[in-house]
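File shown here: upload.json, holding JSON, C-alpha atoms.
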[["chain", "number", "residue", "atom", "x", "y", "z"],
["A", 1033, "MET", "CA", 86.04, 67.29, 135.66],
["A", 1034, "GLN", "CA", 84.59, 64.96, 138.25],
["A", 1035, "GLY", "CA", 84.69, 65.00, 142.05],
["A", 1036, "ALA", "CA", 82.73, 65.87, 145.16],
["A", 1037, "GLN", "CA", 79.35, 67.51, 145.59],
["A", 1038, "ALA", "CA", 78.57, 70.87, 144.00],
["A", 1039, "THR", "CA", 78.77, 72.67, 147.32],
["A", 1040, "GLU", "CA", 82.40, 71.69, 147.90],
["A", 1041, "ARG", "CA", 84.71, 74.63, 148.44],
["A", 1042, "ILE", "CA", 88.48, 75.06, 148.42],
["A", 1043, "PRO", "CA", 89.92, 74.94, 151.93],
["A", 1044, "GLY", "CA", 92.73, 77.42, 152.34],
["A", 1045, "VAL", "CA", 92.61, 79.98, 149.52],
["A", 1046, "THR", "CA", 94.79, 82.55, 151.23],
["A", 1047, "VAL", "CA", 95.24, 86.22, 150.42],
["A", 1048, "ALA", "CA", 97.67, 88.18, 152.62],
["A", 1049, "GLY", "CA", 97.19, 85.82, 155.55],
["A", 1050, "VAL", "CA", 93.39, 85.63, 155.32],
["A", 1051, "THR", "CA", 91.86, 82.28, 154.42],
["A", 1052, "PHE", "CA", 88.83, 82.28, 152.15],
["A", 1053, "ALA", "CA", 86.62, 79.48, 150.91],
["A", 1054, "ALA", "CA", 85.81, 79.42, 147.20],
["A", 1055, "ASP", "CA", 82.33, 78.43, 146.17],
["A", 1056, "ILE", "CA", 82.00, 76.48, 142.93],
["A", 1057, "ALA", "CA", 79.68, 79.17, 141.56],
["A", 1058, "GLY", "CA", 82.55, 81.68, 141.58],
["A", 1059, "ALA", "CA", 82.21, 83.44, 144.95],
["A", 1060, "LEU", "CA", 84.68, 83.88, 147.80],
["A", 1061, "VAL", "CA", 83.60, 83.47, 151.41],
["A", 1062, "TRP", "CA", 85.41, 84.98, 154.40],
["A", 1063, "GLU", "CA", 83.84, 82.78, 157.01],
["A", 1064, "ASP", "CA", 85.12, 84.60, 160.11],
["A", 1065, "GLU", "CA", 83.57, 87.83, 158.82],
["A", 1066, "ARG", "CA", 80.48, 86.14, 157.35],
["A", 1067, "LEU", "CA", 81.36, 87.97, 154.16],
["A", 1068, "LEU", "CA", 80.57, 86.83, 150.61],
["A", 1069, "VAL", "CA", 82.21, 88.38, 147.55],
["A", 1070, "VAL", "CA", 81.16, 88.14, 143.90],
["A", 1071, "SER", "CA", 82.39, 90.03, 140.87],
["A", 1072, "ASP", "CA", 81.22, 91.13, 137.44],
["A", 1073, "LEU", "CA", 77.54, 90.21, 137.50],
["A", 1074, "HIS", "CA", 76.96, 92.26, 134.32],
["A", 1075, "LEU", "CA", 73.22, 92.38, 134.92],
["A", 1076, "GLU", "CA", 71.15, 93.33, 131.86],
["A", 1077, "LYS", "CA", 73.90, 92.49, 129.39],
["A", 1078, "GLY", "CA", 71.30, 90.78, 127.22],
["A", 1079, "SER", "CA", 69.11, 93.88, 127.02],
["A", 1080, "SER", "CA", 72.18, 96.01, 126.31],
["A", 1081, "PHE", "CA", 73.04, 93.86, 123.32],
["A", 1082, "ALA", "CA", 69.40, 93.92, 122.17],
["A", 1083, "GLN", "CA", 69.53, 97.70, 122.01],
["A", 1084, "ARG", "CA", 72.37, 97.33, 119.50],
["A", 1085, "GLY", "CA", 70.48, 94.78, 117.41],
["A", 1086, "VAL", "CA", 72.24, 91.71, 118.80],
["A", 1087, "LEU", "CA", 69.46, 89.48, 120.03],
["A", 1088, "LEU", "CA", 70.22, 87.23, 122.99],
["A", 1089, "PRO", "CA", 67.72, 85.39, 125.21],
["A", 1090, "PRO", "CA", 66.61, 88.03, 127.74],
["A", 1091, "PHE", "CA", 67.07, 85.84, 130.79],
["A", 1092, "ASP", "CA", 70.64, 86.59, 131.90],
["A", 1093, "THR", "CA", 69.67, 88.81, 134.85],
["A", 1094, "ALA", "CA", 67.20, 86.29, 136.24],
["A", 1095, "ALA", "CA", 69.71, 83.45, 135.79],
["A", 1096, "THR", "CA", 72.52, 85.42, 137.45],
["A", 1097, "LEU", "CA", 70.35, 86.45, 140.40],
["A", 1098, "ALA", "CA", 69.13, 82.86, 140.82],
["A", 1099, "ARG", "CA", 72.74, 81.60, 141.02],
["A", 1100, "LEU", "CA", 73.59, 84.37, 143.45],
["A", 1101, "GLY", "CA", 70.57, 83.48, 145.55],
["A", 1102, "ALA", "CA", 71.73, 79.87, 145.73],
["A", 1103, "VAL", "CA", 75.19, 80.94, 146.92],
["A", 1104, "ILE", "CA", 73.69, 83.26, 149.53],
["A", 1105, "ALA", "CA", 71.43, 80.46, 150.74],
["A", 1106, "ARG", "CA", 74.44, 78.14, 151.12],
["A", 1107, "HIS", "CA", 76.50, 80.56, 153.20],
["A", 1108, "ASP", "CA", 74.02, 82.99, 154.81],
["A", 1109, "PRO", "CA", 76.48, 85.91, 154.76],
["A", 1110, "ARG", "CA", 76.09, 88.96, 156.95],
["A", 1111, "THR", "CA", 77.67, 91.11, 154.23],
["A", 1112, "VAL", "CA", 77.79, 90.83, 150.44],
["A", 1113, "ILE", "CA", 80.32, 92.74, 148.35],
["A", 1114, "ALA", "CA", 79.75, 92.97, 144.59],
["A", 1115, "LEU", "CA", 83.14, 93.85, 143.09],
["A", 1116, "GLY", "CA", 82.09, 96.15, 140.26],
["A", 1117, "ASP", "CA", 80.53, 95.79, 136.82],
["A", 1118, "SER", "CA", 77.45, 94.54, 138.59],
["A", 1119, "PHE", "CA", 75.49, 96.20, 135.78],
["A", 1120, "HIS", "CA", 76.55, 96.00, 132.16],
["A", 1121, "ASP", "CA", 76.17, 99.70, 131.42],
["A", 1122, "ARG", "CA", 75.26, 103.00, 133.04],
["A", 1123, "LYS", "CA", 71.53, 102.60, 132.31],
["A", 1124, "ALA", "CA", 71.23, 98.86, 132.97],
["A", 1125, "HIS", "CA", 69.62, 99.30, 136.40],
["A", 1126, "GLU", "CA", 66.77, 101.16, 134.71],
["A", 1127, "ARG", "CA", 66.01, 98.08, 132.59],
["A", 1128, "LEU", "CA", 65.61, 95.69, 135.53],
["A", 1129, "SER", "CA", 62.21, 94.05, 135.42],
["A", 1130, "PRO", "CA", 59.93, 94.38, 138.46],
["A", 1131, "ASP", "CA", 60.47, 90.69, 139.21],
["A", 1132, "ASP", "CA", 64.26, 91.06, 139.10],
["A", 1133, "ARG", "CA", 64.11, 94.14, 141.32],
["A", 1134, "GLU", "CA", 62.04, 92.18, 143.81],
["A", 1135, "THR", "CA", 64.51, 89.29, 143.71],
["A", 1136, "LEU", "CA", 67.44, 91.64, 144.30],
["A", 1137, "SER", "CA", 65.64, 93.30, 147.20],
["A", 1138, "ALA", "CA", 64.98, 89.91, 148.77],
["A", 1139, "LEU", "CA", 68.66, 88.95, 148.48],
["A", 1140, "GLN", "CA", 69.64, 92.18, 150.25],
["A", 1141, "SER", "CA", 67.14, 91.73, 153.07],
["A", 1142, "ARG", "CA", 68.67, 91.53, 156.59],
["A", 1143, "ARG", "CA", 72.25, 91.85, 155.37],
["A", 1144, "ASP", "CA", 74.73, 94.57, 154.50],
["A", 1145, "TRP", "CA", 75.28, 95.00, 150.77],
["A", 1146, "ILE", "CA", 78.17, 96.91, 149.17],
["A", 1147, "TRP", "CA", 78.28, 97.79, 145.49],
["A", 1148, "ILE", "CA", 81.83, 98.53, 144.30],
["A", 1149, "SER", "CA", 81.91, 100.86, 141.29],
["A", 1150, "GLY", "CA", 83.25, 99.32, 138.09],
["A", 1151, "ASN", "CA", 84.26, 100.59, 134.67],
["A", 1152, "HIS", "CA", 80.88, 99.55, 133.23],
["A", 1153, "ASP", "CA", 78.89, 101.06, 136.12],
["A", 1154, "PRO", "CA", 81.00, 103.92, 137.54],
["A", 1155, "ALA", "CA", 78.04, 105.95, 138.84],
["A", 1156, "LEU", "CA", 75.65, 103.54, 140.50],
["A", 1157, "PRO", "CA", 72.42, 105.11, 141.79],
["A", 1158, "ARG", "CA", 71.67, 105.13, 145.49],
["A", 1159, "ASP", "CA", 68.23, 103.53, 145.15],
["A", 1160, "LEU", "CA", 69.45, 99.99, 144.48],
["A", 1161, "GLY", "CA", 69.70, 99.11, 148.15],
["A", 1162, "GLY", "CA", 72.96, 98.82, 150.02],
["A", 1163, "VAL", "CA", 75.81, 101.32, 149.75],
["A", 1164, "VAL", "CA", 78.14, 102.29, 146.91],
["A", 1165, "ALA", "CA", 81.93, 102.58, 147.28],
["A", 1166, "ASP", "CA", 85.01, 102.81, 145.08],
["A", 1167, "GLU", "CA", 86.78, 100.22, 147.25],
["A", 1168, "VAL", "CA", 86.51, 98.71, 150.71],
["A", 1169, "ALA", "CA", 89.30, 97.74, 153.14],
["A", 1170, "ILE", "CA", 88.69, 95.14, 155.85],
["A", 1171, "GLY", "CA", 91.76, 94.22, 157.87],
["A", 1172, "PRO", "CA", 94.61, 93.45, 155.45],
["A", 1173, "ILE", "CA", 92.25, 92.96, 152.48],
["A", 1174, "VAL", "CA", 91.22, 95.62, 149.97],
["A", 1175, "PHE", "CA", 88.28, 94.89, 147.70],
["A", 1176, "ARG", "CA", 88.24, 96.82, 144.42],
["A", 1177, "HIS", "CA", 87.15, 96.32, 140.83],
["A", 1178, "GLU", "CA", 90.29, 96.74, 138.74],
["A", 1179, "PRO", "CA", 93.39, 94.87, 139.95],
["A", 1180, "THR", "CA", 96.59, 96.81, 140.57],
["A", 1181, "GLY", "CA", 98.76, 93.97, 141.88],
["A", 1182, "ALA", "CA", 98.86, 95.39, 145.40],
["A", 1183, "VAL", "CA", 99.37, 93.03, 148.33],
["A", 1184, "GLY", "CA", 96.08, 92.11, 149.99],
["A", 1185, "GLU", "CA", 94.01, 92.97, 146.96],
["A", 1186, "ILE", "CA", 90.94, 91.05, 145.79],
["A", 1187, "ALA", "CA", 89.66, 92.36, 142.47],
["A", 1188, "GLY", "CA", 87.64, 91.40, 139.42],
["A", 1189, "HIS", "CA", 87.47, 93.08, 135.99],
["A", 1190, "LEU", "CA", 89.64, 90.62, 134.02],
["A", 1191, "HIS", "CA", 87.25, 87.62, 134.04],
["A", 1192, "PRO", "CA", 90.03, 85.02, 134.42],
["A", 1193, "LYS", "CA", 89.65, 81.66, 132.72],
["A", 1194, "ALA", "CA", 92.02, 78.72, 132.32],
["A", 1195, "ARG", "CA", 92.40, 76.10, 129.62],
["A", 1196, "VAL", "CA", 93.66, 72.72, 130.80],
["A", 1197, "SER", "CA", 94.01, 69.24, 129.39],
["A", 1198, "THR", "CA", 92.12, 66.50, 131.17],
["A", 1199, "ARG", "CA", 91.47, 62.91, 130.09],
["A", 1200, "GLY", "CA", 92.79, 63.59, 126.62],
["A", 1201, "ARG", "CA", 90.67, 66.65, 125.91],
["A", 1202, "SER", "CA", 90.93, 70.38, 126.36],
["A", 1203, "VAL", "CA", 88.63, 72.15, 128.84],
["A", 1204, "GLU", "CA", 88.28, 75.89, 129.34],
["A", 1205, "ARG", "CA", 86.66, 77.18, 132.53],
["A", 1206, "ARG", "CA", 86.36, 80.25, 134.69],
["A", 1207, "CYS", "CA", 88.79, 80.41, 137.60],
["A", 1208, "PHE", "CA", 90.13, 82.34, 140.56],
["A", 1209, "ALA", "CA", 93.73, 83.46, 140.03],
["A", 1210, "SER", "CA", 95.81, 83.86, 143.17],
["A", 1211, "ASP", "CA", 99.41, 83.78, 144.34],
["A", 1212, "GLY", "CA", 98.67, 83.94, 148.08],
["A", 1213, "MET", "CA", 99.13, 87.70, 148.28],
["A", 1214, "ARG", "CA", 96.47, 88.91, 145.82],
["A", 1215, "ALA", "CA", 93.59, 87.39, 143.87],
["A", 1216, "VAL", "CA", 91.48, 88.06, 140.78],
["A", 1217, "MET", "CA", 87.95, 86.70, 140.82],
["A", 1218, "PRO", "CA", 86.05, 85.08, 137.95],
["A", 1219, "ALA", "CA", 83.08, 86.84, 136.42],
["A", 1220, "PHE", "CA", 79.81, 85.69, 137.97],
["A", 1221, "GLY", "CA", 77.34, 86.84, 135.32],
["A", 1222, "ALA", "CA", 75.50, 84.42, 133.06],
["A", 1223, "TYR", "CA", 76.64, 86.15, 129.85],
["A", 1224, "THR", "CA", 80.21, 87.02, 130.83],
["A", 1225, "GLY", "CA", 83.18, 85.75, 128.87],
["A", 1226, "GLY", "CA", 86.73, 85.31, 130.07],
["A", 1227, "LEU", "CA", 90.36, 86.25, 129.56],
["A", 1228, "SER", "CA", 93.07, 83.58, 129.60],
["A", 1229, "ILE", "CA", 95.28, 83.68, 132.67],
["A", 1230, "ARG", "CA", 98.21, 83.41, 130.25],
["A", 1231, "ASP", "CA", 97.32, 86.86, 128.89],
["A", 1232, "VAL", "CA", 99.81, 89.69, 129.48],
["A", 1233, "ALA", "CA", 97.25, 91.41, 131.73],
["A", 1234, "PHE", "CA", 97.81, 88.74, 134.38],
["A", 1235, "ALA", "CA", 101.58, 88.88, 133.96],
["A", 1236, "ALA", "CA", 101.39, 92.55, 134.94],
["A", 1237, "ILE", "CA", 99.63, 91.60, 138.20],
["A", 1238, "PHE", "CA", 101.49, 88.45, 139.24],
["A", 1239, "GLN", "CA", 104.85, 89.16, 137.51],
["A", 1240, "THR", "CA", 105.53, 85.43, 137.01],
["A", 1241, "LEU", "CA", 103.54, 82.24, 136.38],
["A", 1242, "ALA", "CA", 104.07, 81.24, 140.01],
["A", 1243, "PHE", "CA", 100.39, 81.62, 140.80],
["A", 1244, "THR", "CA", 97.47, 79.25, 140.97],
["A", 1245, "ALA", "CA", 94.29, 78.84, 138.96],
["A", 1246, "HIS", "CA", 91.38, 77.58, 141.06],
["A", 1247, "VAL", "CA", 89.29, 76.26, 138.19],
["A", 1248, "LEU", "CA", 85.51, 75.94, 138.48],
["A", 1249, "GLY", "CA", 84.67, 72.41, 137.45],
["A", 1250, "ASP", "CA", 81.35, 70.62, 137.09],
["A", 1251, "ARG", "CA", 81.34, 69.28, 140.64],
["A", 1252, "ARG", "CA", 84.25, 70.89, 142.45],
["A", 1253, "VAL", "CA", 87.00, 73.49, 142.21],
["A", 1254, "HIS", "CA", 90.32, 72.22, 140.88],
["A", 1255, "THR", "CA", 93.61, 73.79, 141.99],
["A", 1256, "ILE", "CA", 96.08, 73.90, 139.10],
["A", 1257, "ALA", "CA", 99.39, 75.73, 138.68],
["A", 1258, "ALA", "CA", 99.07, 78.53, 136.16],
["A", 1259, "SER", "CA", 102.14, 77.20, 134.36],
["A", 1260, "ARG", "CA", 100.14, 74.05, 133.51],
["A", 1261, "CYS", "CA", 97.38, 76.07, 131.86],
["A", 1262, "TYR", "CA", 97.48, 77.42, 128.34]]
Exercise: express the given structure as structure tokens:
Amino acid sequence: MQGAQATERIPGVTVAGVTFAADIAGALVWEDERLLVVSDLHLEKGSSFAQRGVLLPPFDTAATLARLGAVIARHDPRTVIALGDSFHDRKAHERLSPDDRETLSALQSRRDWIWISGNHDPALPRDLGGVVADEVAIGPIVFRHEPTGAVGEIAGHLHPKARVSTRGRSVERRCFASDGMRAVMPAFGAYTGGLSIRDVAFAAIFQTLAFTAHVLGDRRVHTIAASRCY
């Protein structure tokens, strides 16, 4: 997938009348509110797997925080909302290295930070900086972890991805899924997988294939009808 510079965003991703910009890294930006939203960081997934004998390079947290830092630097948000499953398990925050804790603290400096509870991290401690909430409503938008299909909802949890054909080959990428009234965000974490938007879980949210996949390409975000994905 080729196109514009890596900082290009989608103009006009609308949820319940609110227009967001979509950063190529997988974040949504509500510019009028100076609000940045990410989902499913899954910090310390590598160390979680290591505890079960599955050895992965132990750099996922640093890589995820570095990507998040780049997005924050691009947009300078006043508020950051992390939409749940920010940590891969209930004890993951205890395994953060001192360097990663320092990086996280620097990202939170001089801005409001809201941790939404997820199914992987339902009881976040209060010493991570910021505040913890089950969900947050701002105007017509409700930010929560698990999607319900409600109007005005922006959620995560499902890690949407889309497979498309381009230039004679098949490409599978993370994506935003939205029908203009609700949206599901891609997972942001370095070690997170994805669920096809053609899965029945998305049918339960959108009811039909009349929604759009905003696919994260190499250089820009591509807007593709879900019915064209497979």
Could you work out an axis-aligned bounding box for all listed atoms of region 1206-1224 of chain A, with 6 Å added on each of the six sides, and give its centre and edge lengths in Å to one decimal, as JSON?
{"center_x": 87.5, "center_y": 84.6, "center_z": 139.1, "size_x": 35.9, "size_y": 20.7, "size_z": 30.4}
*asked:* Which residues are close to Val1164 (chain A), i.e. within 10 Å by all atoms listed in the file, leaving aside same-chain residues fewer than 4 positions away? Reply as a PyMOL selection string.
replied: chain A and resi 1113-1114+1116+1145-1149+1154-1158+1160+1168
*Go through A:Arg1110, A:Glu1185, A:Ala1233, A:Gly1225 and flag the residue nearest Gly1212 (chain A), using all atoms listed in the file for the distances.*
A:Glu1185
Just the residues within 8 Å of region 1195-1199 of chain A, please, counting only C-alpha atoms, with nothing from its chain fewer than 3 positions along; format it as a PDB file with C-alpha atoms, in the coordinates of the input.
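Saved as part-v9.pdb:
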ATOM      1  CA  MET A1033      86.040  67.290 135.660  1.00  0.00           C
ATOM      2  CA  SER A1202      90.930  70.380 126.360  1.00  0.00           C
ATOM      3  CA  VAL A1203      88.630  72.150 128.840  1.00  0.00           C
ATOM      4  CA  GLU A1204      88.280  75.890 129.340  1.00  0.00           C
ATOM      5  CA  ARG A1205      86.660  77.180 132.530  1.00  0.00           C
ATOM      6  CA  SER A1228      93.070  83.580 129.600  1.00  0.00           C
ATOM      7  CA  ARG A1260     100.140  74.050 133.510  1.00  0.00           C
ATOM      8  CA  CYS A1261      97.380  76.070 131.860  1.00  0.00           C
ATOM      9  CA  TYR A1262      97.480  77.420 128.340  1.00  0.00           C
TER      10      TYR A1262
END
*Polymer residues at most 10 Å from Thr1111 (chain A), only C-alpha atoms, same-chain spacing of 4 or more positions, as a list of chain:residue names*: A:Trp1062, A:Glu1065, A:Arg1066, A:Leu1067, A:Leu1068, A:Val1069, A:Ile1104, A:Gln1140, A:Arg1142, A:Arg1143, A:Asp1144, A:Trp1145, A:Ile1146, A:Gly1162
Export of prior selection with C-alpha atoms as a PDB file, keeping the file's coordinate frame:
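part_9.pdb was written with the following content:
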ATOM      1  CA  TRP A1062      85.410  84.980 154.400  1.00  0.00           C
ATOM      2  CA  GLU A1065      83.570  87.830 158.820  1.00  0.00           C
ATOM      3  CA  ARG A1066      80.480  86.140 157.350  1.00  0.00           C
ATOM      4  CA  LEU A1067      81.360  87.970 154.160  1.00  0.00           C
ATOM      5  CA  LEU A1068      80.570  86.830 150.610  1.00  0.00           C
ATOM      6  CA  VAL A1069      82.210  88.380 147.550  1.00  0.00           C
ATOM      7  CA  ILE A1104      73.690  83.260 149.530  1.00  0.00           C
ATOM      8  CA  GLN A1140      69.640  92.180 150.250  1.00  0.00           C
ATOM      9  CA  ARG A1142      68.670  91.530 156.590  1.00  0.00           C
ATOM     10  CA  ARG A1143      72.250  91.850 155.370  1.00  0.00           C
ATOM     11  CA  ASP A1144      74.730  94.570 154.500  1.00  0.00           C
ATOM     12  CA  TRP A1145      75.280  95.000 150.770  1.00  0.00           C
ATOM     13  CA  ILE A1146      78.170  96.910 149.170  1.00  0.00           C
ATOM     14  CA  GLY A1162      72.960  98.820 150.020  1.00  0.00           C
TER      15      GLY A1162
END
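A straight line drawn from CA of Pro1090 (chain A) to CA of Asp1132 (chain A) is 12.0 Å long.
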